[in-house]
Structures are given as C-alpha cells and as structure tokens.
Amino acid sequence: MSRAADLRAALAVGLAALSLVAMASCSSVKPVASAPVAPAAVASPSPSASPSASPASAAAALAPPSDVAVAFSGLRRGTYPVHVHSRCNGNQAFHIITIESLRVTSIGAGATEVPRGYFGRGLCLIVYANASLSAVLTTRPI
C-alpha cells in the first residue's frame with residue numbers, strides 16, 4: 001500500500017472516531033457496547049503534524065448561539081426600550097424582564113438580541129415608544 005493510501009486510511013479512521021465522539025457527547029442515551037472493530041492500516045508518521053479539531057471545539061462549533069436577533073422594520077429612527085412580557089400587552093403586570101434596547105437606523109430597521117430560552121414559551125416582545133413606557137410602539141410574539 002502506498003504512503004498516500006496509508007494517510008487516507010488513517011484520516012478516514014480519525015474522522016470516523018471524531019464523529020462518534022461528537023455524536024456521543026450530544027446524546028443523552030448511554031452507548032451500547034459493540035464488538036471491537038478491526039484496526040485499519042497503520043499510517044506512517046508524517047513529517048509535519050496536521051491541525052485537527054478537538055471534540056470540545058467541534059461541539060462548540062455546533063452549539064446554537066445563546067442569543068437570537070429579532071428584527072423589526074418600518075419604525076421611526078431611534079432607540080426604544082424592549083421588554084419581554086407574558087402577553088402581547090404593554091401592561092407592566094405582564095412584565096418578565098427588560099432586554100437590550102432596539103436601535104432603529106435611518107432606513108427604519110433594527111434588531112435586538114433575545115436570550116434563546118425565552119423562545120417557544122408563548123412570550124412576547126414589547127417595544128415601547130418612549131422611556132416612560134407609557135405607549136407601545138410594536139409587539140412581537142416569540
């Protein structure tokens with residue numbers, strides 16, 4: 001077998017092992033023991049080490065971001081307070097948390113970052129028209 005074929009075989013085995021480690025780290029199911037796999041051809045050492053991703057960095061690259069940008073458009077330029085409420089109602093009785101202010105540019109668009117954990121729970125973003133929170137500019141279910 002040629003040196004190139006040996007290196008390809010070693011790379012294939014390494015990638016298979018890395019994908020198994022990544023899948024195992026994402027699974028809550030305990031792995032089932034299996035029969036050992038026959039080892040592939042042993043690769044001869046290469047003159048220079050090639051960079052490889054560690055399982056931790058591979059898992060971090062696949063992890064979803066902790067915040068999600070929520071975009072708004074058709075609004076007047078300015079900076080507006082944004083709250084998360086349990087209902088799409090500006091009444092402070094439904095207030096859960098204040099998040100990053102919405103900055104709307106001259107083209108009437110902007111976005112605010114919302115923690116991922118607030119999505120899918122029937123909550124709502126309330127964008128207030130003023131700092132006194134006396135008028136709702138717009139709402140967005142999340």
# chains A, B, ... in the order shown; residues from 1 in each chain; ligands from 1
>>> residues_around(residues="region 73-78 of chain A", least_positions_apart="4", cutoff="12 Å", atoms="only C-alpha atoms", output="ChimeraX atom specification")
/A:101-112,127-131,137-140
>>> residues_around(residues="Glu100 (chain A)", least_positions_apart="3", cutoff="9 Å", atoms="only C-alpha atoms", output="PyMOL selection string")
chain A and resi 81-83+112-114
>>> closest_residue(among="A:Thr98, A:Ser66, A:Thr79, A:Gln92", to="Leu125 (chain A)", atoms="only C-alpha atoms")
A:Thr98
>>> atom_distance(atom1="CA of Cys88 (chain A)", atom2="CA of Val68 (chain A)")
19.0 Å
>>> atom_distance(atom1="CA of Ala71 (chain A)", atom2="CA of Arg116 (chain A)")
14.5 Å
>>> atom_distance(atom1="CA of Ile142 (chain A)", atom2="CA of Phe94 (chain A)")
14.7 Å
>>> closest_residue(among="A:Leu133, A:Phe119, A:Ile126, A:Pro141", to="Asn89 (chain A)", atoms="only C-alpha atoms")
A:Ile126
>>> closest_residue(among="A:Ile97, A:Ser134, A:Asp67, A:Val84", to="Gly117 (chain A)", atoms="only C-alpha atoms")
A:Asp67
